[in-house]
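Q: The structure file structure-v5.csv (CSV, C-alpha atoms) is provided below.
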chain,number,residue,atom,x,y,z
A,54,MET,CA,-104.5,59.3,-70.3
A,55,LYS,CA,-107.6,59.1,-72.5
A,56,VAL,CA,-110.0,56.2,-72.4
A,57,ARG,CA,-111.1,55.0,-75.8
A,58,ALA,CA,-114.8,55.7,-75.9
A,59,GLY,CA,-117.0,57.8,-78.2
A,60,ALA,CA,-115.6,59.5,-81.2
A,61,ASP,CA,-112.4,61.0,-79.8
A,62,GLY,CA,-112.1,59.4,-76.3
A,63,TYR,CA,-112.2,61.2,-73.0
A,64,TYR,CA,-109.9,62.2,-70.1
A,65,PRO,CA,-111.7,60.8,-67.1
A,66,ASP,CA,-111.0,62.3,-63.6
A,67,VAL,CA,-110.0,58.9,-62.3
A,68,MET,CA,-109.6,55.6,-64.1
A,69,VAL,CA,-108.6,52.1,-63.0
A,70,ALA,CA,-107.4,49.4,-65.4
A,71,CYS,CA,-105.8,46.1,-64.3
A,72,GLY,CA,-104.4,44.9,-67.6
A,73,ASP,CA,-101.2,45.6,-69.4
A,74,PRO,CA,-100.4,49.3,-70.1
A,75,PRO,CA,-101.5,50.5,-73.5
A,76,ASP,CA,-99.0,51.1,-76.3
A,77,ASP,CA,-100.6,54.5,-77.2
A,78,ARG,CA,-102.2,57.3,-75.3
A,79,PHE,CA,-105.6,55.4,-75.0
A,80,GLU,CA,-106.7,53.0,-72.3
A,81,ASP,CA,-108.9,50.3,-73.9
A,82,ALA,CA,-109.9,48.2,-70.9
A,83,PRO,CA,-110.7,50.3,-67.8
A,84,CYS,CA,-112.8,48.6,-65.0
A,85,LEU,CA,-113.6,51.7,-63.1
A,86,ILE,CA,-114.1,55.3,-64.2
A,87,VAL,CA,-114.9,58.3,-62.0
A,88,GLU,CA,-116.1,61.7,-63.1
A,89,VAL,CA,-116.4,64.6,-60.7
A,90,LEU,CA,-119.3,66.9,-61.7
A,91,SER,CA,-118.7,70.6,-62.6
A,92,PRO,CA,-121.1,73.1,-64.1
A,93,SER,CA,-119.4,72.9,-67.5
A,94,SER,CA,-119.3,69.1,-67.7
A,95,GLU,CA,-122.4,67.9,-65.8
A,96,THR,CA,-124.5,67.3,-68.9
A,97,ILE,CA,-121.7,65.6,-70.8
A,98,ASP,CA,-120.8,63.3,-67.8
A,99,ARG,CA,-124.4,62.2,-67.3
A,100,ARG,CA,-125.4,61.7,-70.9
A,101,GLU,CA,-122.7,61.4,-73.5
A,102,LYS,CA,-120.0,59.9,-71.3
A,103,LEU,CA,-122.5,57.6,-69.6
A,104,ALA,CA,-123.7,56.3,-73.0
A,105,ASP,CA,-120.1,55.9,-74.4
A,106,TYR,CA,-118.6,54.4,-71.2
A,107,THR,CA,-121.3,51.8,-70.8
A,108,ARG,CA,-120.3,50.4,-74.2
A,109,ILE,CA,-116.8,49.5,-72.9
A,110,ALA,CA,-116.8,45.8,-72.4
A,111,SER,CA,-114.3,45.8,-69.5
A,112,LEU,CA,-116.0,48.6,-67.5
A,113,ARG,CA,-117.8,47.4,-64.4
A,114,THR,CA,-118.5,50.7,-62.6
A,115,TYR,CA,-118.9,54.3,-63.6
A,116,LEU,CA,-119.1,56.8,-60.7
A,117,VAL,CA,-120.4,60.3,-60.9
A,118,ALA,CA,-119.3,62.3,-57.9
A,119,HIS,CA,-120.8,65.6,-56.7
A,120,PRO,CA,-118.1,68.0,-55.7
A,121,ASP,CA,-120.0,69.9,-53.0
A,122,ILE,CA,-122.2,67.3,-51.3
A,123,PRO,CA,-121.6,63.7,-50.3
A,124,ARG,CA,-123.5,62.1,-53.2
A,125,ILE,CA,-122.1,59.5,-55.6
A,126,GLU,CA,-124.2,58.2,-58.5
A,127,VAL,CA,-123.1,54.6,-59.1
A,128,HIS,CA,-123.6,53.0,-62.5
A,129,ARG,CA,-122.8,49.3,-62.2
A,130,CYS,CA,-122.7,46.6,-64.9
A,131,HIS,CA,-124.6,43.4,-64.1
A,132,GLY,CA,-124.1,41.0,-67.1
A,133,ASP,CA,-125.5,42.9,-70.1
A,134,THR,CA,-127.4,45.5,-68.1
A,135,TRP,CA,-126.5,48.6,-66.2
A,136,ALA,CA,-128.2,49.6,-62.9
A,137,GLN,CA,-128.0,52.9,-61.1
A,138,SER,CA,-127.9,53.6,-57.4
A,139,VAL,CA,-127.0,56.7,-55.3
A,140,LEU,CA,-124.8,56.7,-52.3
A,141,GLY,CA,-124.7,59.4,-49.6
A,142,PRO,CA,-123.6,59.9,-46.0
A,143,GLY,CA,-123.1,56.7,-44.1
A,144,ASP,CA,-122.9,54.6,-47.2
A,145,THR,CA,-120.0,52.4,-48.3
A,146,LEU,CA,-118.7,52.3,-51.9
A,147,ALA,CA,-117.6,48.8,-52.9
A,148,PRO,CA,-116.8,48.6,-56.7
A,149,ASP,CA,-116.1,45.2,-58.2
A,150,CYS,CA,-112.7,46.5,-59.5
A,151,PRO,CA,-110.6,47.3,-57.7
A,152,ALA,CA,-111.8,45.2,-54.7
A,153,VAL,CA,-111.9,47.9,-52.1
A,154,GLU,CA,-114.5,49.4,-49.7
A,155,LEU,CA,-114.6,53.2,-49.2
A,156,ASP,CA,-116.8,55.1,-46.9
A,157,VAL,CA,-118.6,58.0,-48.6
A,158,ASP,CA,-118.0,60.1,-45.5
A,159,ASP,CA,-114.2,59.5,-45.8
A,160,LEU,CA,-114.2,60.5,-49.4
A,161,TYR,CA,-115.9,63.8,-48.6
A,162,GLN,CA,-113.9,64.5,-45.5
A,163,GLY,CA,-113.1,68.2,-45.5
A,164,VAL,CA,-115.7,69.2,-48.0
A,165,ALA,CA,-117.7,72.1,-46.6
Go ahead and express the file in the form of structure tokens.

A:
Amino acid sequence: MKVRAGADGYYPDVMVACGDPPDDRFEDAPCLIVEVLSPSSETIDRREKLADYTRIASLRTYLVAHPDIPRIEVHRCHGDTWAQSVLGPGDTLAPDCPAVELDVDDLYQGVA
């Protein structure tokens, strides 16, 4: 499913929305979006999608995950501003929505 952002919308790698399902192929109110970097999408994920996603009123957290190393860039909304942090080995990921805690080590288990 696409998220309504930017000119045409995007297909995020992972998206969480807690509201009613949309009537069309676009999700309008995600609270969490995750993109896994790849050589072909890295620039878009970090620039275009970041700019477009942070304009979504319902979005609380945008995660950019590295595929090969345990590193997650966390973009979190605090009121009207966005702050960035980086998580790595031994850290815990705790997005506002959904209310879960995930160990970075567990997320990267099996990644060589």

Q: Which residue gives the smallest distance to Val153 (chain A) among A:Met54, A:Arg78, A:Leu85, A:His131, with only C-alpha atoms counted?

A: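 Among the listed residues, the smallest separation from Val153 (chain A) belongs to A:Leu85.
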
Q: Using CA of Ser94 (chain A) and CA of Asp121 (chain A) as the two end points, give the distance in Å to one decimal.

A: 14.7 Å

Q: Which residues are close to region 79-81 of chain A, i.e. within 6 Å by all atoms listed in the file, leaving aside same-chain residues fewer than 6 positions away? Reply as a list of chain:residue names.

A: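 Returned residues: A:Lys55, A:Val56, A:Arg57.
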
Q: Please indicate the distance in Å from CA of Trp135 (chain A) to CA of Cys150 (chain A), rounded to one decimal place.

A: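 That distance, rounded to one decimal, is 15.5 Å.
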
Q: Please provide as a list in words all residues within 6 Å of Ile86 (chain A), with the sequence filter that same-chain residues fewer than 5 positions apart are discarded (counting all atoms listed in the file).

A: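 The contact residues come out as Val67, Met68 and Tyr115 of chain A.
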
Q: Work out how far CA of Ala104 (chain A) is from CA of His128 (chain A), in Å to one decimal.

A: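 Atom-to-atom, CA of His128 (chain A) and CA of Ala104 (chain A) are spaced 11.0 Å apart.
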
Q: Given all atoms listed in the file as the basis, pick out the residue of A:Cys84, A:Leu90, A:Glu126, A:Thr107 nearest to Pro148 (chain A).

A: A:Cys84

Q: Select, from A:Pro142, A:Pro151, A:Pro65, A:Pro120, the residue with the minimum atom-to-atom distance to Lys102 (chain A), counting all atoms listed in the file.

A: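 The closest residue to Lys102 (chain A) is A:Pro65.
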